[in-house]
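The block underneath contains the structure these notes are about, expressed in structure tokens.
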Amino acid sequence: MNDWLSYLWLIPALPVLASLLLTFWPVQRRKEAALLATGAMALSFLGALAAFWSLSSSGEAGQVTRLTYNFTWFDMGTSSVRIGWLLDPLNAMMLLMVTFVATLVLIYSMGYMAKDPRMVRFYAFLSLFAGAMLALLIANHLLILFMCWEVVGLASYLLIGFWYEKPSAAAAAKKAFITTRVGDIGLFIGMIWLYREAGTLLFFDAGQGCMEQTALAWIAKAPGIAGLTAAASIGCLIFFGAMGKSGQFPLHAWLPDAMEGPTPVSALIHAATMVAAGVFLMARIYPMLAFEATGTGALVAITWIGAITALLGALVACAQTDLKRILAFSTISQLGYMMLGLGTGGVAVAMFHLITHAFFKALLFLGAGSVIHGCGDEQDIRYMGGLRRAMPVTFATYAIGMLALAGFPLVTSGFWSKDEILHAALHWHGSPVPFAMALAGAFLTAFYMTRQMCHVFFGRNRLGLRESTEHHPVPEPHESPATMLIPLRLLAILAIGTGFLGTPLYPWFHTFLEGGTLAWNWGALLHGSALILLLGSSALVLTGLGIGWWYYSSLVFDPLRNEDPLEDKLPGTCFAILRAKFFVDEFYAATVVRGLNKLAWGSAWLEQRCFVPMLNVIPFVTQITSWIMRLWDEWVINAGFDRSCRGINNQARRVSEAHTGRIQSYLQVIAVGFIILAIFWVWGGEG
Amino acid sequence: MNAFPWISCIIWLPLLAGITLIMLRTSKWESLAGKTAVVASLASSLTAVLLWLTAETPESGAAFTERLSWIPTLGVDYAVGMDGLSGLMVLLTALVMPLALAASWQQYRASSPYLACLLIIQGSLFGVFTSSNFFLWFFFYEISLIPAFFLVRIWGSPGKNRSSLRFFVYSMAGSISLLVGFLALAAATGSFEFSVIAEHGRTGTLASELGSKLGWFNMPLGWLCTFVFALIFLGLAIKVPMMPFHAWLPDTYDHAPTPVTMILTGLMSKMGLYGLIRMVIPIFPYTQAQVVKILMILVAAGIVYSALAAMGQRNLKRMLAYSSINHLGYCMLGFLSLGLITNGEMNLAIQKTAALTGLMLQMFSHGIIASVLFYFAHAMEERCGEKIMIDAHGGLRKVAPVLAGTMGIAVFASVGLPGLNGFIGEFLIFKGVFALMPLAACLAVPGLLITAVFLLSFLQKVFQGSGGASVSRFRDLSMRESILILPFLLIMVVLGFLPHLLINGLNPVINKIISSMHF
């Protein structure tokens with residue numbers, strides 16, 4: 001019945017194929033390369049549409065349809081390792097989003113990367129990323145998911161370091177790979193633990209998978225670490241991996257640096273898709289986390305980390321001056337919201353925000369790229385200003401994205417999805433603190449986005465204040481080409497439109513993901529806490545927007561002399577701490593990096609000064625012994641014989657290039673020494 | 001087909017060619033030396049690959065078996081054969097040797113002693129991996145050591161004298177220990193055949209036989225058995241090398257000519273692991289269990305320590321040397337986990353199967369990856385005319401994009417990136433070890449991270465950033481070098497996704513080993 005399902009692999013295969021072709025593509029055929037990659041991606045999008053349509057038309061209404069296709073990968077001993085792919089509402093939604101955003105980003109890059117000499121390579125890397133990301137989404141096996149997870153990490157590494165001549169880009173790429181790999185260590189251990197307990201890593205396998213009743217009941221019973229059940233411990237370990245990938249505190253430090261990559265990369269990988277993979281992974285293993293006997297340990301951890309990240313990211317974003325880094329911190333913050341939503345409200349809540357966020361954050365990044373492109377690669381918002389006249393389309397679309405991110409009431413998608421999370425956090429039984437943190441974060445989001453808007457698009461243009469040189473004349477701000485604006489327009493529509501898929505009035509999104517009957521529910525908005533929350537969060541967002549506007553709208557600002565208005569308003573060194581991102585980077589440099597370097601230095605020293613000299617004893621002893629042996633031979637045993645043979649000996653010495661003749665005598669000593677050693681060693685083992 | 005002595009061909013063709021090259025060492029023959037070496041080595045390697053491809057291994061046993069009476073008084077036969085494990089190692093040798101020969105070509109094509117040494121190593125490696133009794137195995141094992149010693153001693157870089165001596169003496173020490181251990185076994189069981197001794201080990205009669213035949217110093221039986229086990233284990237652990245018996249390695253790898261380092265790390269270290277799988281697992285199923293937990297902790301600590309030591313190096317070859325110790329540490333971990341007592345839990349057989357499969361895959365993968373990495377180190381040395389100090393270079397990707405890209409693939413394979421061949425072996429080892437002894441696995445896991453740190457730092461410093469001093473005289477890989485390295489990169493990528501290309505051939509021997517264990 002599901003013949004088409006066996007072709008699902010084509011969706012990731014197309015971009016991978018494009019990537020392979022582009023690896024051997026002649027570098028001057030730039031346009032063809034771009035068209036090939038974009039075409040493959042667009043085909044994947046059509047495939048995702050078809051898959052989505054087939055999925056929604058199969059199965060019964062009110063039920064979650066989950067289609068799997070499993071097969072044997074290889075036999076190992078007497079058992080076999082089976083892998084497969086699956087299609088369920090969770091990844092059907094993600095497939096649509098990823099293929100759509102990726103297609104737009106590839107179109108956008110035609111304009112953005114037009115002058116880059118290595119554009120073909122850029123498209124090859126982006127296609128590789130898209131392919132691996134899509135494969136990650138359809139994987140029905142944690143190991144396969146992990147493999148794709150690492151390959152998207154590799155693509156991210158390659159693309160952050162795309163301009164590898166810049167030392168900062170090279171360093172940022174390494175930092176990103178290593179930091180996410182720290183998380184992956186947790187994921188790796190979690191994975192092999194899960195493998196041990198469940199005996200399979202297939203998620204769903206007709207009742208035998210590791211995310212299904214039988215296995216879960218077993219895993220939840222097994223003992224774990226720190227008083228948790230095995231299921232909760234595994235959940236925490238896997239979440240550690242998700243923390244690395246999704247920029248959760250304290251593993252978030254790589255994401256702002258990742259902005260060294262080209263802006264389309266930031267939009268696709270570090271805003272819309274890859275960083276959301278952590279949330280997706282947690283949604284994938286949610287059956288285990290939410291299993292009754294698992295206990296709430298893992299979900300509590302997820303909730304708290306999410307809430308801390310949401311607030312922290314928003315705080316830091318208030319004081320940054322780099323256009324893209326502000327957006328990066330807002331991504332960190334929003335990813336925190338998703339984790340918070342997952343911990344308190346479940347898959348649908350988190351995924352709804354993931355999808356809406358993907359669209360409006362991709363919009364914001366592509367808009368930022370358009371701004372940077374139009375301002376001659378200027379990224380400091382203090383030197384921008386007044387761009388709304390020069391770049392009207394960018395301004396309008398960016399404003400929509402900014403309002404969506406801020407959660408402007410009723411009309412934007414960000415409002416509805418964030419409202420869901422706040423609602424879930426409010427009703428969480430653990431503690432009211434995460435809810436309060438989320439509220440504060442929502443207020444700050446509105447504030448820092450207004451700050452950024454005012455800096456970039458309002459006031460007067462300050463590009464001239466940057467000292468210009470012969471090579472860098474003061475750029476004249478200009479609007480970007482059509483290839484860059486079309487994606488902006490499309491994403492702007494979605495930044496508004498997707499919100500209405502999941503309003504409490506008509507929660508299509510939730511019923512699609514979690515099953516249940518879909519109906520108009522006029523009462524949902526009006527009953528007690530929901531209405532109060534709706535009004536309250538709206539008021540909060542509007543206040544944030546208002547304060548931001550009040551601080552920054554009349555900004556007559558000279559970056560060389562004036563302080564940030566926020567700096568005056570905040571007491572003491574608060575602003576400086578925020579500007580320095582809570583000194584997290586410095587903290588890591590002083591502890592982890594320094595410690596590791598010290599350890600490495602110490603090990604190398606130990607090798608050089610201890611192990612190798614110890615070894616020197618062996619030739620030394622053998623040489624002394626062989627010398628004694630020689631004396632014994634020469635003076636005692638065959639003195640006379642030697643004399644007569646001296647002629648021959650001299651001849652032989654000339655022939656032999658190495659003094660191998662002594663080796664037999666070394667061996668005698670070694671044999672004795674060795675036996676002593678071996679006895680010693682056996683005793684050590686026994687004792 | 002079995003009638004023809006195929007395996008003897010691949011062993012003796014390079015061996016005899018090598019001996020001939022030494023004998024005919026006159027200027028008249030020097031021009032022919034290169035050709036002879038290439039023909040002999042390639043013919044033998046190609047035949048070996050074909051053997052691997054066509055081998056139809058019977059359920060329990062080896063293909064292409066040959067048996068001739070050799071020393072009847074000792075009951076020693078000349079007996080060779082190829083089962084899955086032998087086949088894997090023969091394939092690895094057949095792949096790496098031509099690469100090492102190609103890397104030597106520029107400098108040593110006219111040096112017949114050098115080429116002769118390479119050929120002798122190749123022949124004796126094939127011999128080691130196909131022998132089915134200890135006597136023959138040890139014969140080839142020792143033969144391979146002599147040319148390796150001369151290669152380091154004569155053609156190495158400054159410091160070669162001391163390091164080659166250390167290498168030889170240390171290896172010899174290991175060999176003696178092995179020999180003593182095996183003579184004890186032979187005396188007890190009356191046979192040198194692996195399969196016969198293993199049968200004694202499996203049925204548990206070995207300990208009492210050792211006691212009755214030897215009875216050294218009236219040692220208790222368990223002690224005696226442990227002692228013999230320790231002798232053999234130590235001999236092989238030095239060869240691998242396992243921390244802390246590794247001290248001969250960094251200097252030797254550094255001072256050896258880089259093509260020889262490729263052989264040392266890619267192939268000769270595998271002789272130790274091969275011996276461990278071939279001899280220790282089947283013969284000492286009980287004894288190993290007594291000390292294995294301590295050893296596993298030791299190995300896990302060694303994995304992290306060697307990764308840290310690699311991170312502390314400034315010389316590329318030394319860094320790769322420590323990285324090799326680190327990767328072989330995973331192999332040792334997988335090997336040791338097989339010896340754990342599992343108290344009759346049958347489902348742990350699956351975990352041991354995973355560890356053993358991973359161990360074999362890792363042996364092959366490390367052989368390929370390490371020799372390719374040293375090949376690149378050699379290519380860089382050729383270009384700079386000196387040892388590669390990591391801090392002294394920068395921005396090479398700009399002038400050598402192909403070298404940077406291809407070496408990047410090899411580096412990521414070494415990091416253990418999924419989708420390349422280095423990952424699946426490590427994963428299976430960790431899967432097995434974690435289930436059998438979680439503590440050891442968790443202790444060793446940081447090694448994976450530190451490996452990524454120093455290898456990516458290497459990429460960052462040497463290839464990225466702005467130009468260093470060496471940029472101007474650096475050139476990219478030539479067409480010849482690119483074509484040479486391409487098959488190896490293909491192997492890395494293909495095995496990353498299709499490990500069953502190797503595993504299918506290994507399953508019979510793995511099943512045999514696992515089923516002979518007691519649970």
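Letters for chains follow the order of the structure tokens (A, B, ...), residue numbers begin at 1 for each chain, and ligand numbers begin at 1 in the order shown.
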If you run DSSP on the backbone here, which positions in region 7-74 of chain B get strand (DSSP E)? Please write them as a PDB file with C-alpha atoms, in the first residue's frame.
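The resulting selection-v5.pdb:
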ATOM      1  CA  ALA B  63      39.994 -20.810   2.120  1.00  0.00           C
ATOM      2  CA  PHE B  64      42.984 -21.489  -0.147  1.00  0.00           C
ATOM      3  CA  THR B  65      44.548 -23.743   2.460  1.00  0.00           C
ATOM      4  CA  GLU B  66      47.946 -25.255   1.799  1.00  0.00           C
ATOM      5  CA  ARG B  67      49.776 -27.725   3.945  1.00  0.00           C
ATOM      6  CA  LEU B  68      53.230 -29.173   3.482  1.00  0.00           C
ATOM      7  CA  SER B  69      55.268 -31.125   5.942  1.00  0.00           C
ATOM      8  CA  TRP B  70      58.110 -28.915   7.110  1.00  0.00           C
ATOM      9  CA  ILE B  71      59.884 -30.002  10.275  1.00  0.00           C
TER      10      ILE B  71
END
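Excluding region 104-116 of chain A itself and any same-chain residue fewer than 6 positions from it, the protein and nucleic acid residues within 7 Å of it, counting only C-alpha atoms, are A:Ala34, A:Thr38, A:Pro264, A:Leu268, A:Pro481, A:Thr483, A:Met484, A:Pro487.
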Store the residues of this selection in a file with N, CA and C atoms, as a PDB file, in the first residue's frame.
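Wrote it out as out.pdb, contents follow:
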ATOM      1  N   ALA A  34      24.557  27.078  -9.634  1.00  0.00           N
ATOM      2  CA  ALA A  34      23.490  27.592  -8.775  1.00  0.00           C
ATOM      3  C   ALA A  34      22.144  27.024  -9.199  1.00  0.00           C
ATOM      4  N   THR A  38      19.754  24.674  -6.904  1.00  0.00           N
ATOM      5  CA  THR A  38      18.417  25.175  -6.604  1.00  0.00           C
ATOM      6  C   THR A  38      17.355  24.247  -7.189  1.00  0.00           C
ATOM      7  N   PRO A 264      23.635  33.888   4.089  1.00  0.00           N
ATOM      8  CA  PRO A 264      22.643  32.847   3.759  1.00  0.00           C
ATOM      9  C   PRO A 264      22.833  31.596   4.609  1.00  0.00           C
ATOM     10  N   LEU A 268      20.031  29.791   6.930  1.00  0.00           N
ATOM     11  CA  LEU A 268      19.549  28.418   6.745  1.00  0.00           C
ATOM     12  C   LEU A 268      19.974  27.524   7.906  1.00  0.00           C
ATOM     13  N   PRO A 481      19.349  43.038  -5.298  1.00  0.00           N
ATOM     14  CA  PRO A 481      18.722  42.558  -6.532  1.00  0.00           C
ATOM     15  C   PRO A 481      17.500  41.679  -6.262  1.00  0.00           C
ATOM     16  N   THR A 483      16.749  38.618  -6.986  1.00  0.00           N
ATOM     17  CA  THR A 483      16.920  37.258  -6.466  1.00  0.00           C
ATOM     18  C   THR A 483      16.942  37.267  -4.937  1.00  0.00           C
ATOM     19  N   MET A 484      17.346  38.401  -4.370  1.00  0.00           N
ATOM     20  CA  MET A 484      17.376  38.464  -2.913  1.00  0.00           C
ATOM     21  C   MET A 484      16.054  38.929  -2.335  1.00  0.00           C
ATOM     22  N   PRO A 487      12.795  35.980  -2.165  1.00  0.00           N
ATOM     23  CA  PRO A 487      12.701  35.159  -0.949  1.00  0.00           C
ATOM     24  C   PRO A 487      12.212  35.959   0.255  1.00  0.00           C
TER      25      PRO A 487
END
Practice problem: Find the spatial neighbours of Ser79 (chain A), counting only C-alpha atoms, within a cut-off of 10 Å - ignore same-chain residues fewer than 6 positions away - and output them as a VMD selection string. | Solution: chain B and resid 350 353 to 354
Quiz prompt | Neighbours of chain A in chain B at 7 Å, counting only C-alpha atoms, as number ranges by chain | solution = B: 166, 173, 176, 227, 230-231, 247, 291, 305, 308-309, 311-313, 353, 395, 417-419, 431, 434-435, 445, 449, 452-453, 456, 460, 464-466, 500, 503-504, 507, 510-511
For the selection you just gave me, I'd like the residues written to a file as a PDB file, in the first residue's frame, keeping C-alpha atoms.
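Output contents, as saved in result.pdb:
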ATOM      1  CA  ARG B 166      65.039   1.027  20.655  1.00  0.00           C
ATOM      2  CA  ALA B 173      61.778  -8.194  23.893  1.00  0.00           C
ATOM      3  CA  ILE B 176      61.029 -13.325  23.171  1.00  0.00           C
ATOM      4  CA  PHE B 227      51.788 -16.259  33.481  1.00  0.00           C
ATOM      5  CA  ALA B 230      50.863 -12.577  30.309  1.00  0.00           C
ATOM      6  CA  LEU B 231      53.892 -13.540  28.267  1.00  0.00           C
ATOM      7  CA  ALA B 247      57.518   4.377  24.341  1.00  0.00           C
ATOM      8  CA  VAL B 291      43.004  -9.116  34.831  1.00  0.00           C
ATOM      9  CA  TYR B 305      46.307  10.328  27.696  1.00  0.00           C
ATOM     10  CA  LEU B 308      46.301  14.668  25.099  1.00  0.00           C
ATOM     11  CA  ALA B 309      49.888  13.844  24.242  1.00  0.00           C
ATOM     12  CA  MET B 311      47.512  17.547  21.297  1.00  0.00           C
ATOM     13  CA  GLY B 312      50.753  18.623  22.912  1.00  0.00           C
ATOM     14  CA  GLN B 313      52.898  17.839  19.876  1.00  0.00           C
ATOM     15  CA  THR B 353      29.940  -9.693  18.656  1.00  0.00           C
ATOM     16  CA  GLY B 395      46.975  29.362   4.699  1.00  0.00           C
ATOM     17  CA  LEU B 417      32.998  11.508  11.478  1.00  0.00           C
ATOM     18  CA  PRO B 418      29.982   9.356  10.677  1.00  0.00           C
ATOM     19  CA  GLY B 419      29.717   8.661   6.993  1.00  0.00           C
ATOM     20  CA  LYS B 431      28.444  -0.207  21.868  1.00  0.00           C
ATOM     21  CA  PHE B 434      29.553   0.140  27.115  1.00  0.00           C
ATOM     22  CA  ALA B 435      27.223  -2.799  27.550  1.00  0.00           C
ATOM     23  CA  VAL B 445      34.855   8.706  25.386  1.00  0.00           C
ATOM     24  CA  LEU B 449      36.554  14.778  21.682  1.00  0.00           C
ATOM     25  CA  ALA B 452      38.691  16.316  17.186  1.00  0.00           C
ATOM     26  CA  VAL B 453      40.347  19.184  19.032  1.00  0.00           C
ATOM     27  CA  LEU B 456      40.883  20.446  13.717  1.00  0.00           C
ATOM     28  CA  GLN B 460      43.088  25.456  11.227  1.00  0.00           C
ATOM     29  CA  GLN B 464      43.381  28.068   7.069  1.00  0.00           C
ATOM     30  CA  GLY B 465      44.077  31.613   8.044  1.00  0.00           C
ATOM     31  CA  SER B 466      46.492  33.788   6.188  1.00  0.00           C
ATOM     32  CA  HIS B 500      28.734  -4.671   5.285  1.00  0.00           C
ATOM     33  CA  ILE B 503      31.425  -7.249   7.654  1.00  0.00           C
ATOM     34  CA  ASN B 504      29.816  -9.888   5.459  1.00  0.00           C
ATOM     35  CA  ASN B 507      30.789 -12.842   9.993  1.00  0.00           C
ATOM     36  CA  ILE B 510      33.333 -13.726  14.204  1.00  0.00           C
ATOM     37  CA  ASN B 511      30.616 -16.294  14.803  1.00  0.00           C
TER      38      ASN B 511
END
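Using only C-alpha atoms, the smallest distance between any of A:His353, A:Arg609, A:Arg284, A:Arg489 and Leu422 (chain A) comes from A:His353.
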Exercise. Run DSSP on the backbone of this structure and report the residues of region 340-411 of chain B it assigns to helix (DSSP H, G or I), as an NGL selection string.
Key: :B and (348-384 or 390-392 or 396-399 or 401-411)
Practice problem: Enter the distance from CA of Val90 (chain B) to CA of Arg82 (chain A), in Å, rounded to one decimal. | Solution: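 These atoms are spaced 29.1 Å apart.
The space between CA of Glu420 (chain A) and CA of Pro504 (chain A) spans 8.5 Å.
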Quiz item: Counting only C-alpha atoms, which of B:Gly505, B:Pro401, B:Gly367, B:Gly156 gets nearest to Val260 (chain B)?
Solution: B:Gly156
